[in-house]
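Engineer: Just dropping this structure here.
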Amino acid sequence: MRIELKKGRHAAELDTMGGELVSFRDETGTEYIWDGDPRYWTGRNPNLFPVVGSLADGKVSVNGRICEMGRHGFARRSEFSVAERGEDYAVLELRDFPQTLAQYPFPFVLRVRHQLTGSGFYTQFEVSNPGREELLFCVGGHTGINCPLRPGERFEDYRLVFDQVEDAQSIVPSDKGLMSPRREHILNHTDTIALDHATFDRLDTVIFQGLRSRTVTLRHKEGGRGVRMDFSQFPMIAFWTMANANAPYLCLEPWHGCAAVEGESGEFADKPHVIHLAPGEEKVLKYTVELVP
């Protein structure tokens, strides 16, 4: 089911399949969210839960039980219900059911709130533990932004600009999509990454953890128009576009968790940035996207 949101002259659309915000348009009608063109990538803005990235051989151990899940978990392919709805917001909810329990042996409640603001929108993950044992999970966003945003522009006309000068290496994924020990020095005492497809053809995904910056802006090199993401509540941020495709989008991905690390124990509890939630507790994490005129 599709849900329309409006605030002022901004409009958005949600899809209960996956609980996603799949469209955001400004007052000029410019569309910011990638449209899922199958020539490149059928995704748009998936919610990553209860894992982020790939598991080693698609498996992870939970309290001695081997569980199997696909890349980025099952939320993005699950039907959410509408828990709350207003003119400029909606809360979409996913609870455990037999198919999730077969992959992930935890009762859970995942509520995703999409709220329009005066300058953009925010997405908030609210995870609660209705069970009797500790709940383990990872969660993240995968927001596909059209890049370029306007006719006549190129992907290479855009920059990623952080709010702090950084000296940081990108974690280089393996051919299987796992976190390898390889690193590439992407941010060398600078706040800016100039976009080019060759970087993603080589690395697939640019992944940072522990940055000082709390925001990153995807903007045109002339005039600065684009979007700014506040990822301050997430320990990792990643950027991805389809390799070897010259695809016209870039995903901005705030992560609380990541793919399996080569040589890891295979225990869910040992995954980087996994969240441990006691019975009856709730964890709330939010990222914000605002337009840069």
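Identifiers in the structure tokens: chain A, B, ... in order shown; residue index from 1 per chain; ligand index from 1 in order shown.
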In segment 1-197 of chain A, what's strand (DSSP E) per DSSP? Answer as a PyMOL selection string?

Structural biologist: chain A and resi 2-7+10-15+20-25+59-62+65-68+81-85+89-95+109-116+120-128+135-137+139-140+143-146+158-173+179-194

Engineer: Just the residues within 8 Å of segment 225-237 of chain A, please, counting only C-alpha atoms, with nothing from its chain fewer than 5 positions along; format it as an MDAnalysis selection string.

Structural biologist: chainID A and resid 149 207:211 213:220 252:257 273 285:293

Engineer: So which residues touch segment 41-54 of chain A within 6 Å, counting only C-alpha atoms, skipping near sequence neighbours fewer than 6 positions away, as a compact mmCIF listing (two decimals) with all heavy atoms, in the first residue's frame?

Structural biologist:
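Generated file (part-v8.txt):
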```txt
# COMPACT_ATOMS: atom_id res chain seq x y z
N GLU A 20 9.21 1.61 3.51
CA GLU A 20 10.15 2.60 2.96
C GLU A 20 9.50 3.93 2.61
O GLU A 20 8.33 3.98 2.22
CB GLU A 20 10.77 2.07 1.66
CG GLU A 20 11.56 0.81 1.77
CD GLU A 20 12.16 0.40 0.42
OE1 GLU A 20 12.42 1.30 -0.41
OE2 GLU A 20 12.35 -0.80 0.18
N TRP A 34 15.78 7.79 -5.46
CA TRP A 34 15.98 6.92 -6.61
C TRP A 34 14.72 6.12 -6.91
O TRP A 34 14.03 5.66 -5.99
CB TRP A 34 17.17 6.00 -6.32
CG TRP A 34 17.37 4.89 -7.31
CD1 TRP A 34 17.27 3.56 -7.07
CD2 TRP A 34 17.71 5.03 -8.69
NE1 TRP A 34 17.52 2.85 -8.22
CE2 TRP A 34 17.80 3.73 -9.23
CE3 TRP A 34 17.94 6.12 -9.53
CZ2 TRP A 34 18.10 3.49 -10.57
CZ3 TRP A 34 18.25 5.88 -10.86
CH2 TRP A 34 18.34 4.59 -11.36
N ARG A 71 21.22 -10.81 2.60
CA ARG A 71 21.90 -9.52 2.77
C ARG A 71 20.93 -8.46 3.29
O ARG A 71 19.82 -8.31 2.78
CB ARG A 71 22.49 -9.09 1.43
CG ARG A 71 23.31 -7.82 1.46
CD ARG A 71 23.91 -7.57 0.08
NE ARG A 71 24.66 -6.34 0.01
CZ ARG A 71 25.92 -6.18 0.40
NH1 ARG A 71 26.58 -7.23 0.87
NH2 ARG A 71 26.53 -5.02 0.30
N HIS A 72 21.33 -7.76 4.30
CA HIS A 72 20.58 -6.66 4.92
C HIS A 72 19.32 -7.11 5.64
O HIS A 72 18.50 -6.28 6.04
CB HIS A 72 20.22 -5.59 3.88
CG HIS A 72 21.40 -4.86 3.31
ND1 HIS A 72 22.47 -4.45 4.07
CD2 HIS A 72 21.66 -4.46 2.03
CE1 HIS A 72 23.34 -3.82 3.30
NE2 HIS A 72 22.88 -3.83 2.06
N GLY A 73 19.12 -8.41 5.84
CA GLY A 73 17.99 -8.87 6.62
C GLY A 73 16.68 -8.94 5.86
O GLY A 73 16.64 -8.78 4.64
N ALA A 75 13.59 -7.21 6.73
CA ALA A 75 12.60 -6.13 6.84
C ALA A 75 12.29 -5.53 5.49
O ALA A 75 11.13 -5.18 5.19
CB ALA A 75 13.10 -5.04 7.80
N ARG A 76 13.29 -5.41 4.63
CA ARG A 76 13.08 -4.74 3.34
C ARG A 76 12.16 -5.52 2.41
O ARG A 76 11.67 -4.97 1.42
CB ARG A 76 14.41 -4.48 2.66
CG ARG A 76 15.20 -5.74 2.32
CD ARG A 76 16.52 -5.38 1.68
NE ARG A 76 17.30 -6.55 1.31
CZ ARG A 76 18.15 -6.58 0.30
NH1 ARG A 76 18.31 -5.52 -0.46
NH2 ARG A 76 18.84 -7.67 0.04
N PHE A 137 20.32 -7.11 17.62
CA PHE A 137 19.99 -6.67 16.26
C PHE A 137 20.96 -5.59 15.80
O PHE A 137 21.63 -4.93 16.59
CB PHE A 137 18.56 -6.13 16.19
CG PHE A 137 18.34 -4.83 16.91
CD1 PHE A 137 18.43 -3.62 16.24
CD2 PHE A 137 18.05 -4.81 18.27
CE1 PHE A 137 18.23 -2.41 16.90
CE2 PHE A 137 17.86 -3.62 18.94
CZ PHE A 137 17.95 -2.41 18.25
N CYS A 138 21.00 -5.44 14.49
CA CYS A 138 21.65 -4.31 13.84
C CYS A 138 20.58 -3.61 13.00
O CYS A 138 19.57 -4.22 12.65
CB CYS A 138 22.80 -4.76 12.94
SG CYS A 138 24.13 -5.62 13.81
N VAL A 139 20.80 -2.34 12.68
CA VAL A 139 19.80 -1.59 11.94
C VAL A 139 20.49 -0.48 11.17
O VAL A 139 21.54 0.02 11.58
CB VAL A 139 18.72 -1.02 12.90
CG1 VAL A 139 19.31 0.04 13.83
CG2 VAL A 139 17.51 -0.50 12.15
N GLY A 140 19.91 -0.10 10.04
CA GLY A 140 20.50 0.97 9.26
C GLY A 140 19.62 1.43 8.12
O GLY A 140 18.58 0.82 7.83
N GLY A 141 20.05 2.52 7.49
CA GLY A 141 19.37 3.06 6.33
C GLY A 141 20.17 2.83 5.06
O GLY A 141 21.35 2.47 5.11
N HIS A 142 19.53 3.07 3.93
CA HIS A 142 20.14 2.78 2.62
C HIS A 142 19.48 3.71 1.59
O HIS A 142 18.95 3.26 0.57
CB HIS A 142 19.88 1.32 2.28
CG HIS A 142 20.76 0.71 1.24
ND1 HIS A 142 20.88 1.23 -0.04
CD2 HIS A 142 21.56 -0.39 1.27
CE1 HIS A 142 21.69 0.46 -0.75
NE2 HIS A 142 22.12 -0.53 0.03
N THR A 143 19.51 5.01 1.87
CA THR A 143 18.71 5.98 1.13
C THR A 143 19.34 6.30 -0.22
O THR A 143 20.40 6.93 -0.29
CB THR A 143 18.54 7.26 1.96
OG1 THR A 143 17.96 6.92 3.22
CG2 THR A 143 17.63 8.25 1.25
N GLY A 144 18.66 5.88 -1.28
CA GLY A 144 19.13 6.15 -2.64
C GLY A 144 18.73 7.55 -3.07
O GLY A 144 17.55 7.87 -3.14
N GLY A 257 25.91 -1.34 12.76
CA GLY A 257 26.23 -2.71 12.41
C GLY A 257 26.79 -2.73 11.01
O GLY A 257 26.76 -1.73 10.29
N CYS A 258 27.33 -3.87 10.61
CA CYS A 258 27.91 -3.99 9.27
C CYS A 258 27.96 -5.46 8.89
O CYS A 258 27.57 -6.34 9.66
CB CYS A 258 29.30 -3.37 9.22
SG CYS A 258 30.52 -4.16 10.30
N ALA A 259 28.46 -5.71 7.69
CA ALA A 259 28.62 -7.09 7.22
C ALA A 259 29.58 -7.86 8.12
O ALA A 259 30.34 -7.27 8.91
CB ALA A 259 29.14 -7.08 5.79
```

Engineer: So which residues touch Glu222 of chain A within 10 Å, counting only C-alpha atoms, skipping near sequence neighbours fewer than 4 positions away, as a list in words?

Structural biologist: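 Close residues of Glu222 of chain A: Asp157, Tyr158 and Arg159 of chain A.
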
Engineer: Would you please give, as number ranges by chain, all residues of segment 97-140 of chain A that DSSP assigns to helix (DSSP H, G or I) based on the backbone?

Structural biologist: A: 98-103

Engineer: Write out, as a CSV table (one decimal), in the first residue's frame, the residues just selected, with N, CA and C atoms.

Structural biologist:
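As written to disk, out_19.csv reads:
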```
chain,number,residue,atom,x,y,z
A,98,PRO,N,5.9,-16.2,11.9
A,98,PRO,CA,6.6,-17.5,11.8
A,98,PRO,C,7.8,-17.4,10.8
A,99,GLN,N,7.7,-16.7,9.7
A,99,GLN,CA,8.8,-16.7,8.7
A,99,GLN,C,10.0,-16.0,9.3
A,100,THR,N,9.8,-14.9,10.1
A,100,THR,CA,11.0,-14.2,10.7
A,100,THR,C,11.6,-15.1,11.8
A,101,LEU,N,10.8,-15.8,12.6
A,101,LEU,CA,11.3,-16.6,13.7
A,101,LEU,C,12.1,-17.8,13.1
A,102,ALA,N,11.8,-18.2,11.9
A,102,ALA,CA,12.6,-19.3,11.3
A,102,ALA,C,14.0,-18.8,11.0
A,103,GLN,N,14.2,-17.5,10.8
A,103,GLN,CA,15.5,-17.0,10.4
A,103,GLN,C,16.2,-16.3,11.6
```

Engineer: Please provide the set of residues having any atom within 10 Å of Val60 of chain A, restricted to only C-alpha atoms, with same-chain residues fewer than 5 positions apart removed, written as a PyMOL selection string.

Structural biologist: chain A and resi 55+65-69+103-104+260+265-269+271

Engineer: In terms of the shortest atom-to-atom distance over only C-alpha atoms, which of A:Ser78, A:Val161, A:Gly152, A:Val109 is closest to Gly224 of chain A?

Structural biologist: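 Checking each of A:Ser78, A:Val161, A:Gly152, A:Val109 against Gly224 of chain A, counting only C-alpha atoms, the winner is A:Val161.
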
Engineer: Which one is closest to Val91 of chain A: A:Lys283, A:Arg202, A:Arg39, A:Arg111? Count only C-alpha atoms.

Structural biologist: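 Closest candidate: A:Arg111.
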
Engineer: Ala168 of chain A: which residues within 12 Å, counting only C-alpha atoms, same-chain residues fewer than 2 positions away excluded, as number ranges by chain?

Structural biologist: A: 162, 164-166, 170-171, 183-193, 206-213

Engineer: Kindly save the residues from that selection, with C-alpha atoms included, as a CSV table (one decimal), in the first residue's frame.

Structural biologist:
```csv
chain,number,residue,atom,x,y,z
A,162,PHE,CA,31.7,16.4,5.7
A,164,GLN,CA,34.8,18.2,9.8
A,165,VAL,CA,38.1,17.7,8.1
A,166,GLU,CA,38.8,14.0,8.3
A,170,SER,CA,37.6,3.3,4.0
A,171,ILE,CA,37.0,-0.4,4.9
A,183,ARG,CA,41.8,-0.2,3.8
A,184,GLU,CA,42.0,2.7,1.3
A,185,HIS,CA,42.9,6.2,2.4
A,186,ILE,CA,39.9,8.1,1.0
A,187,LEU,CA,39.8,11.1,3.3
A,188,ASN,CA,43.3,12.4,3.5
A,189,HIS,CA,43.1,15.5,5.8
A,190,THR,CA,40.1,16.8,3.8
A,191,ASP,CA,36.4,17.2,4.2
A,192,THR,CA,35.6,16.4,0.6
A,193,ILE,CA,35.3,13.4,-1.7
A,206,VAL,CA,33.0,3.3,0.6
A,207,ILE,CA,32.6,2.6,4.3
A,208,PHE,CA,33.8,4.6,7.3
A,209,GLN,CA,33.5,4.2,11.0
A,210,GLY,CA,34.4,6.5,13.8
A,211,LEU,CA,34.4,9.7,11.9
A,212,ARG,CA,34.4,13.0,13.8
A,213,SER,CA,31.8,14.4,11.4
```
